[in-house]
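Visitor: File work_5.csv below, CSV, C-alpha atoms (C1' of nucleotides):
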```csv
chain,number,residue,atom,x,y,z
A,1,MET,CA,77.6,-158.3,43.7
A,2,ARG,CA,75.3,-156.6,41.3
A,3,VAL,CA,74.8,-156.3,37.5
A,4,SER,CA,75.1,-152.7,36.3
A,5,ALA,CA,72.7,-151.1,33.9
A,6,LYS,CA,75.6,-150.8,31.5
A,7,ALA,CA,76.2,-154.5,31.4
A,8,ASP,CA,72.5,-155.3,31.0
A,9,TYR,CA,72.2,-152.8,28.2
A,10,ALA,CA,75.3,-154.1,26.5
A,11,VAL,CA,74.0,-157.7,26.4
A,12,ARG,CA,70.6,-156.6,25.2
A,13,ALA,CA,72.0,-154.6,22.4
A,14,ALA,CA,74.3,-157.4,21.4
A,15,ALA,CA,71.4,-159.8,21.4
A,16,GLU,CA,69.6,-157.5,19.1
A,17,LEU,CA,72.6,-157.5,16.8
A,18,ALA,CA,72.9,-161.3,17.0
A,19,ALA,CA,69.3,-161.6,15.8
A,20,ALA,CA,69.8,-159.2,12.9
A,21,GLU,CA,69.3,-160.9,9.5
A,22,GLU,CA,71.1,-158.5,7.3
A,23,GLY,CA,73.4,-155.5,7.1
A,24,PRO,CA,74.4,-153.0,9.8
A,25,ILE,CA,71.8,-152.0,12.4
A,26,LYS,CA,71.9,-148.4,13.4
A,27,GLY,CA,72.2,-147.3,17.0
A,28,GLU,CA,68.8,-145.7,17.0
A,29,ARG,CA,67.1,-148.9,16.1
A,30,LEU,CA,68.9,-150.8,18.8
A,31,ALA,CA,68.0,-148.1,21.3
A,32,GLU,CA,64.3,-148.3,20.4
A,33,ALA,CA,64.2,-152.1,20.3
A,34,GLN,CA,65.5,-152.4,23.8
A,35,ASP,CA,64.4,-149.1,25.2
A,36,ILE,CA,67.9,-147.8,26.0
A,37,PRO,CA,68.9,-144.1,26.1
A,38,LEU,CA,70.5,-143.6,22.7
A,39,GLN,CA,73.6,-141.5,23.6
A,40,PHE,CA,74.4,-143.8,26.5
A,41,LEU,CA,74.1,-146.8,24.2
A,42,GLU,CA,76.5,-145.3,21.7
A,43,HIS,CA,79.2,-145.0,24.4
A,44,ILE,CA,78.6,-148.7,25.3
A,45,LEU,CA,78.7,-149.8,21.7
A,46,LEU,CA,82.0,-147.9,21.3
A,47,GLU,CA,83.4,-149.9,24.2
A,48,LEU,CA,82.2,-153.1,22.6
A,49,LYS,CA,83.9,-152.0,19.4
A,50,HIS,CA,87.2,-151.3,21.2
A,51,HIS,CA,87.1,-154.8,22.7
A,52,GLY,CA,86.6,-156.3,19.2
A,53,ILE,CA,83.1,-157.6,19.9
A,54,VAL,CA,81.3,-155.3,17.5
A,55,ARG,CA,82.1,-153.5,14.3
A,56,ALA,CA,80.6,-150.4,12.9
A,57,ARG,CA,80.4,-148.2,9.8
A,58,ARG,CA,79.3,-144.6,9.6
A,59,GLY,CA,77.2,-142.7,7.2
A,60,ALA,CA,74.0,-143.7,5.4
A,61,LYS,CA,73.5,-147.4,5.4
A,62,GLY,CA,75.9,-147.5,8.4
A,63,GLY,CA,75.4,-149.1,11.7
A,64,TYR,CA,76.7,-151.9,13.9
A,65,TRP,CA,77.2,-155.6,13.5
A,66,LEU,CA,78.9,-158.4,15.4
A,67,ALA,CA,82.5,-159.0,14.7
A,68,LYS,CA,82.1,-162.7,15.3
A,69,PRO,CA,79.4,-165.3,14.7
A,70,ALA,CA,76.7,-165.1,17.4
A,71,ASP,CA,77.6,-168.6,18.7
A,72,GLU,CA,81.1,-167.5,19.4
A,73,VAL,CA,80.3,-164.5,21.6
A,74,THR,CA,79.6,-165.2,25.3
A,75,VAL,CA,77.8,-163.1,27.8
A,76,ALA,CA,81.0,-163.1,29.9
A,77,GLU,CA,83.0,-161.3,27.2
A,78,ILE,CA,80.4,-158.6,27.0
A,79,VAL,CA,80.2,-158.1,30.7
A,80,ARG,CA,84.0,-158.0,31.0
A,81,ALA,CA,84.1,-155.4,28.2
A,82,VAL,CA,81.9,-152.9,30.0
A,83,GLU,CA,82.4,-153.8,33.7
A,84,GLY,CA,85.9,-155.2,33.8
A,85,PRO,CA,87.0,-158.4,35.5
A,86,ILE,CA,84.3,-160.6,37.1
A,87,ALA,CA,84.3,-161.2,40.8
A,88,HIS,CA,87.3,-159.2,41.9
A,89,VAL,CA,87.5,-158.6,45.6
A,90,GLN,CA,88.5,-155.1,46.7
A,91,SER,CA,89.5,-154.5,43.1
A,92,THR,CA,92.1,-157.2,43.0
A,93,PRO,CA,91.7,-160.8,41.7
A,94,PRO,CA,90.9,-163.3,44.5
A,95,GLU,CA,93.9,-165.5,43.7
A,96,ALA,CA,96.2,-162.5,44.5
A,97,ILE,CA,94.9,-161.8,48.0
A,98,GLU,CA,96.5,-163.2,51.1
A,99,TYR,CA,94.2,-164.2,53.9
A,100,ARG,CA,95.5,-164.8,57.4
A,101,GLY,CA,94.3,-166.5,60.5
A,102,ASN,CA,90.8,-167.7,60.6
A,103,SER,CA,89.8,-166.4,57.2
A,104,LYS,CA,92.5,-168.4,55.4
A,105,HIS,CA,89.9,-170.4,53.5
A,106,LEU,CA,88.0,-167.4,52.4
A,107,GLN,CA,90.1,-167.2,49.3
A,108,GLU,CA,88.8,-170.6,48.1
A,109,VAL,CA,85.3,-169.3,48.6
A,110,TRP,CA,85.8,-166.2,46.5
A,111,ILE,CA,87.5,-168.4,43.9
A,112,ALA,CA,84.5,-170.7,43.9
A,113,VAL,CA,82.2,-167.7,43.5
A,114,ARG,CA,84.1,-166.6,40.5
A,115,ALA,CA,84.1,-170.1,39.0
A,116,SER,CA,80.3,-170.4,39.5
A,117,LEU,CA,79.7,-167.1,37.8
A,118,ARG,CA,81.9,-168.2,34.9
A,119,SER,CA,80.1,-171.4,34.6
A,120,VAL,CA,77.0,-169.4,33.7
A,121,LEU,CA,78.4,-166.4,31.9
A,122,GLU,CA,81.0,-168.2,29.8
A,123,GLU,CA,78.6,-170.9,28.7
A,124,VAL,CA,75.8,-168.7,27.3
A,125,THR,CA,76.4,-167.3,23.9
A,126,LEU,CA,74.4,-164.7,22.1
A,127,ALA,CA,73.0,-167.4,19.8
A,128,ASP,CA,71.7,-169.3,22.8
A,129,LEU,CA,70.2,-166.1,24.2
A,130,VAL,CA,68.3,-165.2,21.0
A,131,SER,CA,67.1,-168.8,20.4
A,132,GLY,CA,66.2,-169.2,24.0
A,133,ASP,CA,67.9,-172.6,23.9
A,134,LEU,CA,70.2,-172.1,26.9
A,135,PRO,CA,72.8,-174.7,27.9
A,136,GLU,CA,71.4,-177.5,30.1
A,137,SER,CA,73.3,-176.5,33.2
A,138,VAL,CA,72.0,-172.9,33.0
A,139,LYS,CA,68.5,-174.1,32.3
A,140,ASP,CA,68.6,-176.3,35.3
A,141,LEU,CA,69.7,-173.4,37.5
A,142,ALA,CA,66.9,-171.2,36.2
A,143,ALA,CA,64.3,-174.0,36.4
A,144,SER,CA,64.1,-174.3,40.1
A,145,PRO,CA,61.2,-172.2,41.5
A,146,ASP,CA,63.5,-171.4,44.4
A,147,ALA,CA,65.7,-169.5,42.0
A,148,TRP,CA,62.9,-167.1,41.2
A,149,VAL,CA,62.1,-165.9,44.8
A,150,ALA,CA,63.8,-163.0,46.4
A,151,ARG,CA,65.7,-163.2,49.6
B,1,MET,CA,80.0,-158.1,39.6
B,2,ARG,CA,82.6,-157.5,42.3
B,3,VAL,CA,83.0,-158.1,46.0
B,4,SER,CA,83.4,-154.9,48.1
B,5,ALA,CA,86.0,-154.4,50.7
B,6,LYS,CA,83.2,-154.1,53.2
B,7,ALA,CA,81.8,-157.6,52.4
B,8,ASP,CA,85.3,-159.1,52.5
B,9,TYR,CA,86.0,-157.4,55.9
B,10,ALA,CA,82.7,-158.4,57.3
B,11,VAL,CA,83.2,-162.1,56.5
B,12,ARG,CA,86.7,-162.1,57.8
B,13,ALA,CA,85.7,-160.5,61.1
B,14,ALA,CA,82.8,-162.9,61.4
B,15,ALA,CA,85.2,-165.8,60.8
B,16,GLU,CA,87.4,-164.5,63.6
B,17,LEU,CA,84.3,-164.4,65.9
B,18,ALA,CA,83.4,-167.9,64.8
B,19,ALA,CA,86.7,-169.2,65.9
B,20,ALA,CA,86.7,-167.5,69.3
B,21,GLU,CA,86.8,-169.9,72.1
B,22,GLU,CA,85.5,-167.8,74.9
B,23,GLY,CA,83.8,-164.5,75.8
B,24,PRO,CA,83.4,-161.3,73.8
B,25,ILE,CA,86.2,-160.3,71.5
B,26,LYS,CA,86.8,-156.6,71.2
B,27,GLY,CA,86.9,-154.7,68.0
B,28,GLU,CA,90.5,-153.8,68.3
B,29,ARG,CA,91.5,-157.5,68.4
B,30,LEU,CA,89.4,-158.3,65.3
B,31,ALA,CA,90.9,-155.3,63.5
B,32,GLU,CA,94.4,-156.5,64.3
B,33,ALA,CA,93.8,-160.1,63.6
B,34,GLN,CA,92.5,-159.4,60.1
B,35,ASP,CA,94.3,-156.1,59.4
B,36,ILE,CA,91.2,-154.0,59.0
B,37,PRO,CA,90.9,-150.2,59.8
B,38,LEU,CA,89.4,-150.2,63.3
B,39,GLN,CA,86.9,-147.4,62.9
B,40,PHE,CA,85.7,-148.8,59.6
B,41,LEU,CA,85.3,-152.2,61.1
B,42,GLU,CA,83.2,-150.9,63.9
B,43,HIS,CA,80.7,-149.5,61.5
B,44,ILE,CA,80.6,-152.9,59.8
B,45,LEU,CA,80.1,-154.7,63.0
B,46,LEU,CA,77.3,-152.4,63.9
B,47,GLU,CA,75.5,-153.3,60.7
B,48,LEU,CA,76.0,-156.9,61.4
B,49,LYS,CA,74.5,-156.3,64.8
B,50,HIS,CA,71.5,-154.6,63.3
B,51,HIS,CA,71.0,-157.6,61.1
B,52,GLY,CA,71.0,-159.9,64.1
B,53,ILE,CA,74.2,-161.7,63.1
B,54,VAL,CA,76.3,-160.4,65.9
B,55,ARG,CA,75.8,-159.3,69.5
B,56,ALA,CA,77.9,-156.9,71.5
B,57,ARG,CA,78.5,-155.5,75.0
B,58,ARG,CA,80.2,-152.3,76.0
B,59,GLY,CA,82.7,-151.6,78.7
B,60,ALA,CA,85.6,-153.5,80.1
B,61,LYS,CA,85.2,-157.2,79.3
B,62,GLY,CA,83.0,-156.1,76.4
B,63,GLY,CA,83.2,-157.0,72.8
B,64,TYR,CA,81.4,-158.8,70.0
B,65,TRP,CA,80.2,-162.4,69.6
B,66,LEU,CA,78.1,-164.3,67.1
B,67,ALA,CA,74.3,-164.3,67.8
B,68,LYS,CA,74.0,-167.8,66.4
B,69,PRO,CA,76.2,-170.9,66.3
B,70,ALA,CA,78.9,-170.6,63.6
B,71,ASP,CA,77.4,-173.5,61.6
B,72,GLU,CA,74.1,-171.6,61.3
B,73,VAL,CA,75.6,-168.4,59.8
B,74,THR,CA,76.2,-168.4,56.1
B,75,VAL,CA,78.4,-166.2,54.1
B,76,ALA,CA,75.4,-165.1,52.1
B,77,GLU,CA,73.7,-163.6,55.2
B,78,ILE,CA,76.8,-161.6,55.9
B,79,VAL,CA,77.2,-160.3,52.4
B,80,ARG,CA,73.5,-159.4,52.2
B,81,ALA,CA,73.8,-157.5,55.5
B,82,VAL,CA,76.5,-155.2,54.3
B,83,GLU,CA,76.0,-155.1,50.5
B,84,GLY,CA,72.3,-155.7,50.1
B,85,PRO,CA,70.6,-158.1,47.8
B,86,ILE,CA,72.8,-160.4,45.7
B,87,ALA,CA,72.8,-160.1,41.9
B,88,HIS,CA,70.3,-157.4,41.4
B,89,VAL,CA,70.2,-155.9,37.9
B,90,GLN,CA,70.0,-152.1,37.7
B,91,SER,CA,69.1,-152.2,41.4
B,92,THR,CA,66.0,-154.3,40.9
B,93,PRO,CA,65.6,-158.1,41.4
B,94,PRO,CA,66.0,-160.0,38.1
B,95,GLU,CA,62.6,-161.6,38.5
B,96,ALA,CA,60.9,-158.2,38.4
B,97,ILE,CA,62.4,-157.0,35.1
B,98,GLU,CA,60.6,-157.3,31.8
B,99,TYR,CA,62.7,-158.0,28.8
B,100,ARG,CA,61.4,-157.6,25.3
B,101,GLY,CA,62.4,-158.7,21.8
B,102,ASN,CA,65.6,-160.6,21.4
B,103,SER,CA,66.7,-160.2,25.0
B,104,LYS,CA,63.7,-162.1,26.3
B,105,HIS,CA,65.7,-164.9,27.7
B,106,LEU,CA,68.2,-162.7,29.4
B,107,GLN,CA,66.1,-162.8,32.5
B,108,GLU,CA,66.7,-166.5,32.8
B,109,VAL,CA,70.4,-165.9,32.5
B,110,TRP,CA,70.4,-163.4,35.3
B,111,ILE,CA,68.3,-165.7,37.4
B,112,ALA,CA,70.8,-168.5,36.8
B,113,VAL,CA,73.6,-166.1,37.8
B,114,ARG,CA,71.9,-165.4,41.1
B,115,ALA,CA,71.2,-169.1,41.7
B,116,SER,CA,74.8,-170.0,41.0
B,117,LEU,CA,76.0,-167.3,43.4
B,118,ARG,CA,73.6,-168.6,46.1
B,119,SER,CA,74.7,-172.1,45.6
B,120,VAL,CA,78.1,-171.1,46.9
B,121,LEU,CA,77.3,-168.3,49.4
B,122,GLU,CA,74.4,-170.0,51.0
B,123,GLU,CA,76.2,-173.3,51.4
B,124,VAL,CA,79.3,-172.0,53.2
B,125,THR,CA,78.9,-171.4,56.9
B,126,LEU,CA,81.3,-169.7,59.2
B,127,ALA,CA,82.1,-173.0,60.8
B,128,ASP,CA,83.1,-174.4,57.3
B,129,LEU,CA,85.2,-171.4,56.7
B,130,VAL,CA,87.1,-171.7,60.0
B,131,SER,CA,87.6,-175.4,59.8
B,132,GLY,CA,88.5,-175.3,56.1
B,133,ASP,CA,86.1,-178.1,55.4
B,134,LEU,CA,84.0,-176.5,52.8
B,135,PRO,CA,81.0,-178.2,51.2
B,136,GLU,CA,81.9,-180.6,48.4
B,137,SER,CA,80.3,-178.6,45.7
B,138,VAL,CA,82.3,-175.6,46.7
B,139,LYS,CA,85.5,-177.5,47.0
B,140,ASP,CA,84.9,-178.9,43.5
B,141,LEU,CA,84.5,-175.4,42.1
B,142,ALA,CA,87.7,-174.2,43.7
B,143,ALA,CA,89.6,-177.4,42.9
B,144,SER,CA,89.9,-176.8,39.2
B,145,PRO,CA,93.2,-175.2,38.3
B,146,ASP,CA,91.2,-173.2,35.7
B,147,ALA,CA,89.3,-171.5,38.5
B,148,TRP,CA,92.6,-169.9,39.7
B,149,VAL,CA,93.7,-168.2,36.5
B,150,ALA,CA,92.6,-164.7,35.7
B,151,ARG,CA,90.8,-163.8,32.5
C,1,DG,C1',83.9,-142.3,89.7
C,2,DC,C1',86.7,-144.0,86.3
C,3,DA,C1',88.4,-146.7,82.6
C,4,DC,C1',87.0,-149.3,78.9
C,5,DT,C1',84.5,-150.4,74.8
C,6,DC,C1',80.8,-150.1,71.9
C,7,DC,C1',77.4,-146.8,69.4
C,8,DT,C1',76.3,-143.1,66.4
C,9,DG,C1',76.2,-139.4,63.3
C,10,DA,C1',78.8,-136.2,60.6
C,11,DC,C1',82.0,-135.5,57.4
C,12,DC,C1',85.2,-136.3,53.4
C,13,DA,C1',87.7,-137.4,49.0
C,14,DA,C1',87.7,-140.1,45.1
C,15,DG,C1',85.5,-142.7,41.9
C,16,DA,C1',81.6,-145.0,39.6
C,17,DA,C1',76.9,-145.0,37.8
C,18,DG,C1',74.0,-143.4,34.6
C,19,DG,C1',73.4,-140.3,31.9
C,20,DT,C1',73.4,-135.6,28.5
C,21,DC,C1',75.6,-132.2,25.2
C,22,DA,C1',78.2,-130.5,21.5
C,23,DG,C1',80.7,-131.1,17.8
C,24,DG,C1',83.9,-133.8,14.5
C,25,DA,C1',84.8,-137.3,11.0
C,26,DA,C1',83.7,-140.9,7.7
C,27,DA,C1',80.4,-142.9,4.3
C,28,DG,C1',76.9,-142.7,1.0
C,29,DT,C1',73.6,-140.0,-2.1
C,30,DC,C1',72.4,-136.4,-5.4
D,1,DG,C1',81.0,-130.7,-4.1
D,2,DA,C1',77.2,-130.3,-1.1
D,3,DC,C1',74.4,-132.6,2.0
D,4,DT,C1',72.6,-136.1,4.8
D,5,DT,C1',73.3,-139.7,7.7
D,6,DT,C1',75.4,-142.2,11.3
D,7,DC,C1',79.2,-143.3,14.1
D,8,DC,C1',83.0,-141.3,17.1
D,9,DT,C1',84.8,-138.7,20.9
D,10,DG,C1',85.5,-135.9,24.7
D,11,DA,C1',83.6,-132.9,28.1
D,12,DC,C1',80.4,-132.3,31.4
D,13,DC,C1',76.8,-133.3,35.0
D,14,DT,C1',74.3,-135.1,39.1
D,15,DT,C1',73.8,-138.5,42.3
D,16,DC,C1',75.3,-142.5,44.8
D,17,DT,C1',78.8,-145.6,46.5
D,18,DT,C1',83.2,-146.8,48.4
D,19,DG,C1',86.3,-146.7,51.9
D,20,DG,C1',87.4,-144.4,55.1
D,21,DT,C1',88.2,-140.7,59.4
D,22,DC,C1',86.7,-137.8,63.5
D,23,DA,C1',84.4,-136.5,67.6
D,24,DG,C1',81.7,-137.4,71.1
D,25,DG,C1',77.9,-140.0,73.6
D,26,DA,C1',76.3,-143.9,76.2
D,27,DG,C1',76.5,-148.4,78.6
D,28,DT,C1',79.3,-151.7,81.6
D,29,DG,C1',82.4,-153.3,85.1
D,30,DC,C1',85.3,-152.5,88.8
```
Hey, can you dump this file as structure tokens for me?
Guide:
Amino acid sequence: MRVSAKADYAVRAAAELAAAEEGPIKGERLAEAQDIPLQFLEHILLELKHHGIVRARRGAKGGYWLAKPADEVTVAEIVRAVEGPIAHVQSTPPEAIEYRGNSKHLQEVWIAVRASLRSVLEEVTLADLVSGDLPESVKDLAASPDAWVAR
Amino acid sequence: MRVSAKADYAVRAAAELAAAEEGPIKGERLAEAQDIPLQFLEHILLELKHHGIVRARRGAKGGYWLAKPADEVTVAEIVRAVEGPIAHVQSTPPEAIEYRGNSKHLQEVWIAVRASLRSVLEEVTLADLVSGDLPESVKDLAASPDAWVAR
DNA sequence: GCACTCCTGACCAAGAAGGTCAGGAAAGTC
DNA sequence: GACTTTCCTGACCTTCTTGGTCAGGAGTGC
């Protein structure tokens, strides 16, 4: 139930690309802008490329750019690209598990967990992230002071 | 962003305890009822005990029982007991991370993620789970056919 | 005293997390 | 064509986590 460094890095780098005004941005600049180890970041960018989220060109004037407009890329896509499916239980999707006896309804709970994660991650696009103008539902969740205290 | 086997097992065992009518239930019975490796389960139950969620007695007529009424134990407590804090990013709580540049608002997104997880896990009690009568908000999330398809 | 059941620590294999290193392969520049 | 630049790729590494198993100790009840 945690967010890996990789996912965090991936979203941050993608946000940086989303904000880029012109031309390809090279890995080094992304790494510096977001303080991410360069070589690790390059592996991450490669994964994003393989998932069709990012494009790249080598050589002088080379670098990375988004394969799609920033308002068509969701945080969920990026997280899935580097972490795999969201909210799997024991490495299998919750809808595929059979619960017996008194835990019969646990399946619905895990499904709800996944749905609630999706309702945040699939709604926020890179454009939202860069502009700071998040969807209302997400803003509301983050607005409660209670959401900011640890437990 | 996944649910570990341990957390799944813990909640299932706790549900079984919540449904118990009388006296302590022994580990073996829990293991059989929910098809969990016994020795692994005993470690999990010990953790739950250390977190004050469960009590136990040894010897003949011994076993485990809930330390609190089933409607006062939430799924969130159980998950935290065995998995640690929910929705930490890079092993630190989202409110403690500093984001720079174009990922400034990512913090709000992770906070929203945590809040949405809490809105499910902290609302469902073991009593809800056993009766199948989940809170309305959770039911609603799980009711959408969309929530049941993989992505 | 004995059976029963929990309690605890040690151990273990496999995989993931979070990187680093070395070199190859395109693209642009002179 | 040589050279620089930047991405691309696989190998490797250390530490931690996951999902267990094993062996024995310590209360409890009869």
Visitor: May I ask you to extract the residues of chain A within 7 Å of chain C, using all atoms listed in the file, and to give them as a compact mmCIF listing (two decimals) with C-alpha atoms, keeping the file's coordinate frame?
Guide:
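out.txt, freshly written:
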```txt
# COMPACT_ATOMS: atom_id res chain seq x y z
CA PHE A 40 74.40 -143.80 26.50
CA ARG A 58 79.30 -144.60 9.60
CA GLY A 59 77.20 -142.70 7.20
CA ALA A 60 74.00 -143.70 5.40
```
Visitor: Provide the CA of Leu126 (chain B) to CA of Glu72 (chain B) distance in Å, to one decimal place.
Guide: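 Between CA of Leu126 (chain B) and CA of Glu72 (chain B) the gap works out to 7.7 Å.
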Visitor: For each of D:DC7, D:DC16, D:DC22, D:DC30, take the minimum atom-to-atom distance to chain A, counting all atoms listed in the file, then give the residue where this is smallest.
Guide: D:DC7
Visitor: Find the residues of chain A in contact range of chain D, meaning any atom within 12 Å when counting all atoms listed in the file, and list them as a list in words.
Guide: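 Residues of chain A within 12 Å of chain D, counting all atoms listed in the file: Pro24, Ile25, Lys26, Gly27, Glu28, Arg29, Gln39, Leu41, Glu42, His43, Ile44, Leu45, Leu46, Glu47, Lys49, His50, Arg55, Ala56, Arg57, Arg58, Gly59, Ala60, Lys61, Gly62, Gly63, Tyr64, Gln90 and Ser91 of chain A.
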Visitor: Just how far from CA of Leu117 (chain B) is CA of Ser116 (chain A), in Å to one decimal?
Guide: 6.6 Å
Visitor: List as JSON lines every residue of chain A that is in contact with chain B, defined as an atom at most 6 Å from one of its atoms (using only C-alpha atoms), together with the nearest atom pair and the distance in Å rounded to one decimal, sorted by chain and then rising number.
Guide:
```
{"residue": "A:Met1", "atom": "CA", "partner": "B:Met1", "partner_atom": "CA", "distance": 4.8}
{"residue": "A:Arg2", "atom": "CA", "partner": "B:Ala87", "partner_atom": "CA", "distance": 4.3}
{"residue": "A:Val3", "atom": "CA", "partner": "B:Val89", "partner_atom": "CA", "distance": 4.6}
{"residue": "A:Ser4", "atom": "CA", "partner": "B:Gln90", "partner_atom": "CA", "distance": 5.3}
{"residue": "A:Ala5", "atom": "CA", "partner": "B:Gln90", "partner_atom": "CA", "distance": 4.8}
{"residue": "A:Arg12", "atom": "CA", "partner": "B:Ser103", "partner_atom": "CA", "distance": 5.3}
{"residue": "A:Ala15", "atom": "CA", "partner": "B:Asn102", "partner_atom": "CA", "distance": 5.9}
{"residue": "A:Glu16", "atom": "CA", "partner": "B:Asn102", "partner_atom": "CA", "distance": 5.6}
{"residue": "A:Ile86", "atom": "CA", "partner": "B:Met1", "partner_atom": "CA", "distance": 5.6}
{"residue": "A:Ala87", "atom": "CA", "partner": "B:Arg2", "partner_atom": "CA", "distance": 4.3}
{"residue": "A:His88", "atom": "CA", "partner": "B:Arg2", "partner_atom": "CA", "distance": 5.0}
{"residue": "A:Val89", "atom": "CA", "partner": "B:Val3", "partner_atom": "CA", "distance": 4.5}
{"residue": "A:Gln90", "atom": "CA", "partner": "B:Ala5", "partner_atom": "CA", "distance": 4.8}
{"residue": "A:Asn102", "atom": "CA", "partner": "B:Val130", "partner_atom": "CA", "distance": 5.5}
{"residue": "A:Ser103", "atom": "CA", "partner": "B:Arg12", "partner_atom": "CA", "distance": 5.3}
{"residue": "A:His105", "atom": "CA", "partner": "B:Gly132", "partner_atom": "CA", "distance": 5.7}
{"residue": "A:Glu108", "atom": "CA", "partner": "B:Ala142", "partner_atom": "CA", "distance": 5.8}
{"residue": "A:Ile111", "atom": "CA", "partner": "B:Ala142", "partner_atom": "CA", "distance": 5.8}
{"residue": "A:Ala112", "atom": "CA", "partner": "B:Ala142", "partner_atom": "CA", "distance": 4.7}
{"residue": "A:Ala115", "atom": "CA", "partner": "B:Ala147", "partner_atom": "CA", "distance": 5.4}
{"residue": "A:Ser116", "atom": "CA", "partner": "B:Ser116", "partner_atom": "CA", "distance": 5.7}
{"residue": "A:Leu129", "atom": "CA", "partner": "B:His105", "partner_atom": "CA", "distance": 5.8}
{"residue": "A:Val130", "atom": "CA", "partner": "B:Asn102", "partner_atom": "CA", "distance": 5.3}
{"residue": "A:Gly132", "atom": "CA", "partner": "B:His105", "partner_atom": "CA", "distance": 5.7}
{"residue": "A:Val138", "atom": "CA", "partner": "B:Ala112", "partner_atom": "CA", "distance": 5.9}
{"residue": "A:Leu141", "atom": "CA", "partner": "B:Ala112", "partner_atom": "CA", "distance": 5.1}
{"residue": "A:Ala142", "atom": "CA", "partner": "B:Ala112", "partner_atom": "CA", "distance": 4.8}
{"residue": "A:Ala147", "atom": "CA", "partner": "B:Ala115", "partner_atom": "CA", "distance": 5.5}
```
Visitor: Take CA of Glu32 (chain B) and CA of Ala67 (chain B) and report the distance between them in Å, one decimal.
Guide: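 Spanning CA of Glu32 (chain B) to CA of Ala67 (chain B) is a straight-line distance of 21.8 Å.
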